[in-house]
Amino acid sequence: MSRSASDPAPAAPAPRFAVVGNPDNRRVTLFADAVRAAGLPAPRVVPWEEVLRAGGAGFAAEEIVRLDSPGENPEVDRLLRGVRDPTRVEGSALWYARFTEAVRGLRGGVRLDDADELAVLFDKRRCHAVLAAAGVPVPGSPTSGPGAARVTGWDDVRAVTRDHRMPRFFVKLAHGSSASGVLAVETSAGGRVRATTSVELTPDGRLFNSLEVRRYERERDVAAIVDALAPDGLHLERWLPKASQGGRAADLRVVVVAGRATHAVVRTSGSPLTNLHLGGRRGDLDAARDAVEAAGARWTDVLAVCERAAACFPRTLCVGVDLLPAVGWRRFAVGEVNAFGDLLPRLTGLPGSGAEGLDTYAAQVAAVLRRARPSTGSRTGPHGGPATAPSPAGSDHPQHPQHPQHQHRTGTTHASA
């Protein structure tokens, strides 16, 4: 018997999620928990190791595909960076090449990310240029945008920063994350150089990621580190003096889901590096909001800066924005936009964000379901556009050392706040 026009349309099948990730990783576990809490079947997990070995993976047309961080897995790290010791710093350029190739090898499904946008997000020089071109406030950088300087070692760094009158600056790996390879450098007219970094330089010249922030005050040591990092690509940024909270430097990680700032955390530190795995601590978000408003600014405008940064990546469902408040809490700049910047365990959504009571993963599931409900017309992706839309990202949760002989060292996760 045929269905009459008055009969209700058959219910659409429940959305099915798939996750490309490391199966035992907390990120995958937390997202799977959020999917099940929404009353949906557990997501299908496709291991990064299998994707890398096979050169890709395929997905059913109706599967909603989320990419998660490939970090915190020594074998996956070896396949990406070509190093056997996950605490080594080197190899980020190879990581980038192999990661972006693997992403482009994924086929089918409704994507919560975009391969081209991920390629920009994981290149600090390109990401900085995209943000600046869109009018998003960013620290000055001579290594991005039109006329970008080529930096091949410490001598170039010294020359470029002198030319741009940058006595205090950050040196970053172009494809690094989790503060891997980052140096906060201070120079003086008298030639003095000091660098604050989590990089451990061994007597034989090898570089390791460390959980201990240290200072180098001999220029030859700083030069040795920078020269060793340079083949992987370097990005330079002007060091902006940051606001403080409780006598400690402060910044914010703001998660933006489907274009809306949903979660935020203040990070404070006694050093220029606020990453929580390097001794940073969560600060007081209410106090930060009060400081912004006491300075005559509006908190909604602060969140809007992060939303403008995320809007540069419209086919990526979720990003984590590192927001740098200037001294006085009145002006802000975007330090970075993280593709895997959503690891903020137990943090629920901001008031008025639409994600109240939800963690970052549940907020993403809810955003996908909201977009999926109106199922009339042609099939669309989670942002209402074609069915090839956006993804996730990041970690502000303390990382654990991955080297049994060096408990003060940490692996390169490419996903940390």
# chains A, B, ... in the order shown; residues from 1 in each chain; ligands from 1
>>> residues_around(residues="stretch 104-109 of chain A", least_positions_apart="6", cutoff="7 Å", atoms="only C-alpha atoms", output="PDB file with N, CA and C atoms, in the first residue's frame")
ATOM      1  N   GLY A  55      47.605   4.793   3.801  1.00  0.00           N
ATOM      2  CA  GLY A  55      47.561   5.964   2.927  1.00  0.00           C
ATOM      3  C   GLY A  55      46.175   6.562   2.797  1.00  0.00           C
ATOM      4  N   GLY A  56      45.291   6.277   3.758  1.00  0.00           N
ATOM      5  CA  GLY A  56      43.952   6.862   3.730  1.00  0.00           C
ATOM      6  C   GLY A  56      42.928   5.919   4.342  1.00  0.00           C
ATOM      7  N   ALA A  57      41.659   6.279   4.200  1.00  0.00           N
ATOM      8  CA  ALA A  57      40.546   5.466   4.695  1.00  0.00           C
ATOM      9  C   ALA A  57      39.274   5.942   4.019  1.00  0.00           C
ATOM     10  N   GLY A  58      38.282   5.030   3.948  1.00  0.00           N
ATOM     11  CA  GLY A  58      37.014   5.375   3.328  1.00  0.00           C
ATOM     12  C   GLY A  58      35.879   5.390   4.332  1.00  0.00           C
ATOM     13  N   PHE A  59      34.847   6.199   4.053  1.00  0.00           N
ATOM     14  CA  PHE A  59      33.705   6.346   4.951  1.00  0.00           C
ATOM     15  C   PHE A  59      32.419   6.278   4.146  1.00  0.00           C
ATOM     16  N   ALA A  60      31.379   5.749   4.788  1.00  0.00           N
ATOM     17  CA  ALA A  60      30.069   5.713   4.141  1.00  0.00           C
ATOM     18  C   ALA A  60      29.558   7.137   3.937  1.00  0.00           C
ATOM     19  N   ALA A  61      28.730   7.297   2.927  1.00  0.00           N
ATOM     20  CA  ALA A  61      28.266   8.642   2.568  1.00  0.00           C
ATOM     21  C   ALA A  61      27.576   9.345   3.725  1.00  0.00           C
ATOM     22  N   GLU A  62      26.882   8.557   4.594  1.00  0.00           N
ATOM     23  CA  GLU A  62      26.117   9.190   5.677  1.00  0.00           C
ATOM     24  C   GLU A  62      26.919   9.338   6.965  1.00  0.00           C
ATOM     25  N   GLU A  63      28.131   8.808   7.034  1.00  0.00           N
ATOM     26  CA  GLU A  63      28.914   8.926   8.265  1.00  0.00           C
ATOM     27  C   GLU A  63      29.410  10.353   8.458  1.00  0.00           C
ATOM     28  N   ILE A  64      29.251  10.839   9.691  1.00  0.00           N
ATOM     29  CA  ILE A  64      29.752  12.171  10.049  1.00  0.00           C
ATOM     30  C   ILE A  64      31.154  11.976  10.615  1.00  0.00           C
ATOM     31  N   VAL A  65      32.151  12.495   9.925  1.00  0.00           N
ATOM     32  CA  VAL A  65      33.545  12.147  10.189  1.00  0.00           C
ATOM     33  C   VAL A  65      34.254  13.269  10.934  1.00  0.00           C
ATOM     34  N   ALA A 115      40.370  19.667   4.534  1.00  0.00           N
ATOM     35  CA  ALA A 115      41.799  19.380   4.378  1.00  0.00           C
ATOM     36  C   ALA A 115      42.603  20.645   4.114  1.00  0.00           C
TER      37      ALA A 115
END
>>> residues_around(residues="A:Ala54", least_positions_apart="3", cutoff="12 Å", atoms="only C-alpha atoms", output="compact mmCIF listing (two decimals) with C-alpha atoms, in the first residue's frame")
# COMPACT_ATOMS: atom_id res chain seq x y z
CA VAL A 46 39.44 4.57 12.64
CA PRO A 47 42.98 4.49 14.09
CA TRP A 48 45.50 7.02 12.79
CA GLU A 49 48.06 4.21 12.62
CA GLU A 50 45.89 2.36 10.09
CA VAL A 51 45.28 5.53 8.08
CA ALA A 57 40.55 5.47 4.70
CA GLY A 58 37.01 5.37 3.33
CA LEU A 79 55.17 7.27 11.47
CA GLU A 101 48.84 13.86 3.00
CA ALA A 102 46.98 11.43 5.27
CA VAL A 103 44.07 13.85 5.67
CA GLY A 105 43.68 10.38 1.70
CA LEU A 106 40.36 10.25 3.61
>>> closest_atom_pairs(of="stretch 87-142 of chain A", to="stretch 182-206 of chain A", cutoff="12 Å", atoms="only C-alpha atoms", output="CSV")
residue,atom,partner,partner_atom,distance
A:Thr87,CA,A:Glu200,CA,10.0
A:Arg88,CA,A:Arg206,CA,7.9
A:Val89,CA,A:Val199,CA,7.7
A:Glu90,CA,A:Arg206,CA,8.9
>>> closest_residue(among="A:Val226, A:Ala355, A:Ala362, A:Leu240", to="A:Pro137", atoms="only C-alpha atoms")
A:Leu240
>>> residues_around(residues="A:Val255", least_positions_apart="5", cutoff="7 Å", atoms="only C-alpha atoms", output="ChimeraX atom specification")
/A:261-264,319-321,341-342
>>> write_last_selection(atoms="N, CA and C atoms", output="PDB file, in the first residue's frame")
ATOM      1  N   ALA A 261      31.537  31.240  20.202  1.00  0.00           N
ATOM      2  CA  ALA A 261      32.423  30.986  21.339  1.00  0.00           C
ATOM      3  C   ALA A 261      31.612  30.303  22.434  1.00  0.00           C
ATOM      4  N   THR A 262      31.980  29.068  22.765  1.00  0.00           N
ATOM      5  CA  THR A 262      31.182  28.283  23.699  1.00  0.00           C
ATOM      6  C   THR A 262      31.882  28.020  25.031  1.00  0.00           C
ATOM      7  N   HIS A 263      33.201  27.944  25.045  1.00  0.00           N
ATOM      8  CA  HIS A 263      33.941  27.600  26.252  1.00  0.00           C
ATOM      9  C   HIS A 263      35.183  28.481  26.341  1.00  0.00           C
ATOM     10  N   ALA A 264      35.580  28.813  27.542  1.00  0.00           N
ATOM     11  CA  ALA A 264      36.786  29.624  27.725  1.00  0.00           C
ATOM     12  C   ALA A 264      37.450  29.275  29.037  1.00  0.00           C
ATOM     13  N   VAL A 319      37.366  25.084  16.654  1.00  0.00           N
ATOM     14  CA  VAL A 319      38.770  25.462  16.823  1.00  0.00           C
ATOM     15  C   VAL A 319      38.960  26.004  18.230  1.00  0.00           C
ATOM     16  N   GLY A 320      40.217  25.969  18.690  1.00  0.00           N
ATOM     17  CA  GLY A 320      40.576  26.578  19.959  1.00  0.00           C
ATOM     18  C   GLY A 320      41.433  27.804  19.684  1.00  0.00           C
ATOM     19  N   VAL A 321      40.990  28.955  20.128  1.00  0.00           N
ATOM     20  CA  VAL A 321      41.678  30.222  19.854  1.00  0.00           C
ATOM     21  C   VAL A 321      42.467  30.643  21.091  1.00  0.00           C
ATOM     22  N   GLY A 341      42.002  22.072  19.549  1.00  0.00           N
ATOM     23  CA  GLY A 341      42.084  22.893  20.759  1.00  0.00           C
ATOM     24  C   GLY A 341      40.918  22.740  21.701  1.00  0.00           C
ATOM     25  N   ASP A 342      40.259  21.568  21.686  1.00  0.00           N
ATOM     26  CA  ASP A 342      39.021  21.415  22.447  1.00  0.00           C
ATOM     27  C   ASP A 342      39.154  20.528  23.673  1.00  0.00           C
TER      28      ASP A 342
END
>>> closest_residue(among="A:Leu52, A:Val45, A:Ala134, A:Val365", to="A:Trp95", atoms="only C-alpha atoms")
A:Leu52
>>> closest_residue(among="A:Arg260, A:Arg218, A:His277, A:Arg158", to="A:Ala363", atoms="only C-alpha atoms")
A:Arg260
>>> residues_around(residues="A:Trp154", least_positions_apart="4", cutoff="10 Å", atoms="only C-alpha atoms", output="ChimeraX atom specification")
/A:158-160,219-220,222-230
>>> residues_around(residues="A:Thr268", least_positions_apart="5", cutoff="6 Å", atoms="only C-alpha atoms", output="list of chain:residue names")
A:Arg248, A:Ala249, A:Ala250, A:Thr274, A:Gly280, A:Arg281, A:Gly283
>>> residues_around(residues="A:Leu131", least_positions_apart="5", cutoff="10 Å", atoms="only C-alpha atoms", output="number ranges by chain")
A: 126, 136-138, 145, 308-313, 334, 336-337
>>> write_last_selection(atoms="all heavy atoms", output="CSV table (one decimal), in the first residue's frame")
chain,number,residue,atom,x,y,z
A,126,ARG,N,51.2,30.6,7.6
A,126,ARG,CA,50.0,30.8,6.7
A,126,ARG,C,48.8,31.2,7.5
A,126,ARG,O,48.0,32.1,7.1
A,126,ARG,CB,49.7,29.5,6.0
A,126,ARG,CG,50.8,29.1,5.0
A,126,ARG,CD,50.5,27.8,4.3
A,126,ARG,NE,49.3,27.8,3.5
A,126,ARG,CZ,48.7,26.7,3.1
A,126,ARG,NH1,49.2,25.5,3.3
A,126,ARG,NH2,47.6,26.8,2.3
A,136,VAL,N,41.8,40.4,11.7
A,136,VAL,CA,41.9,39.9,13.1
A,136,VAL,C,43.1,40.4,13.7
A,136,VAL,O,44.2,40.2,13.1
A,136,VAL,CB,41.8,38.3,13.1
A,136,VAL,CG1,42.0,37.8,14.5
A,136,VAL,CG2,40.5,37.8,12.4
A,137,PRO,N,43.1,41.0,14.9
A,137,PRO,CA,44.3,41.5,15.5
A,137,PRO,C,45.3,40.3,15.9
A,137,PRO,O,44.9,39.3,16.5
A,137,PRO,CB,43.8,42.2,16.8
A,137,PRO,CG,42.5,41.6,17.1
A,137,PRO,CD,41.9,41.2,15.7
A,138,VAL,N,46.5,40.4,15.4
A,138,VAL,CA,47.5,39.4,15.7
A,138,VAL,C,48.8,40.1,16.0
A,138,VAL,O,49.0,41.3,15.7
A,138,VAL,CB,47.7,38.5,14.5
A,138,VAL,CG1,46.6,37.6,14.2
A,138,VAL,CG2,48.0,39.3,13.2
A,145,GLY,N,52.7,36.6,5.5
A,145,GLY,CA,52.1,37.6,4.6
A,145,GLY,C,53.0,38.0,3.5
A,145,GLY,O,54.1,37.4,3.3
A,308,ARG,N,35.7,35.9,15.1
A,308,ARG,CA,36.2,36.4,13.8
A,308,ARG,C,37.4,35.5,13.4
A,308,ARG,O,37.5,35.3,12.2
A,308,ARG,CB,36.6,37.8,14.0
A,308,ARG,CG,35.4,38.8,14.1
A,308,ARG,CD,35.9,40.2,14.5
A,308,ARG,NE,37.0,40.7,13.6
A,308,ARG,CZ,37.8,41.7,13.9
A,308,ARG,NH1,37.7,42.2,15.1
A,308,ARG,NH2,38.8,42.1,13.1
A,309,ALA,N,38.2,35.1,14.3
A,309,ALA,CA,39.3,34.2,13.9
A,309,ALA,C,38.8,32.9,13.4
A,309,ALA,O,39.3,32.4,12.4
A,309,ALA,CB,40.2,34.0,15.1
A,310,ALA,N,37.8,32.3,14.1
A,310,ALA,CA,37.3,31.0,13.7
A,310,ALA,C,36.6,31.2,12.3
A,310,ALA,O,36.6,30.2,11.5
A,310,ALA,CB,36.3,30.5,14.7
A,311,ALA,N,36.0,32.3,12.0
A,311,ALA,CA,35.3,32.5,10.7
A,311,ALA,C,36.2,32.5,9.6
A,311,ALA,O,35.8,32.3,8.4
A,311,ALA,CB,34.6,33.9,10.8
A,312,CYS,N,37.5,32.6,9.8
A,312,CYS,CA,38.5,32.4,8.7
A,312,CYS,C,38.6,31.0,8.3
A,312,CYS,O,39.2,30.7,7.2
A,312,CYS,CB,39.9,32.9,9.2
A,312,CYS,SG,40.0,34.7,9.5
A,313,PHE,N,38.0,30.1,9.0
A,313,PHE,CA,38.0,28.6,8.7
A,313,PHE,C,36.6,28.1,8.8
A,313,PHE,O,36.2,27.3,9.6
A,313,PHE,CB,38.9,27.9,9.7
A,313,PHE,CG,40.3,28.6,9.8
A,313,PHE,CD1,40.6,29.5,10.8
A,313,PHE,CD2,41.2,28.3,8.9
A,313,PHE,CE1,41.8,30.1,10.8
A,313,PHE,CE2,42.5,28.9,8.9
A,313,PHE,CZ,42.8,29.8,9.9
A,334,VAL,N,45.1,37.7,18.7
A,334,VAL,CA,45.0,36.2,18.6
A,334,VAL,C,46.4,35.7,18.4
A,334,VAL,O,47.1,36.0,17.4
A,334,VAL,CB,44.1,35.8,17.4
A,334,VAL,CG1,44.2,34.3,17.1
A,334,VAL,CG2,42.6,36.2,17.7
A,336,GLU,N,47.2,32.2,18.3
A,336,GLU,CA,47.1,31.0,17.5
A,336,GLU,C,45.7,30.6,17.4
A,336,GLU,O,44.9,30.9,18.2
A,336,GLU,CB,48.0,29.9,18.0
A,336,GLU,CG,49.5,30.2,18.0
A,336,GLU,CD,50.3,29.0,18.4
A,336,GLU,OE1,49.8,27.8,18.4
A,336,GLU,OE2,51.5,29.2,18.7
A,337,VAL,N,45.4,29.8,16.3
A,337,VAL,CA,44.1,29.1,16.2
A,337,VAL,C,44.5,27.6,16.0
A,337,VAL,O,45.2,27.2,15.2
A,337,VAL,CB,43.3,29.6,14.9
A,337,VAL,CG1,42.0,28.8,14.9
A,337,VAL,CG2,43.1,31.1,15.0
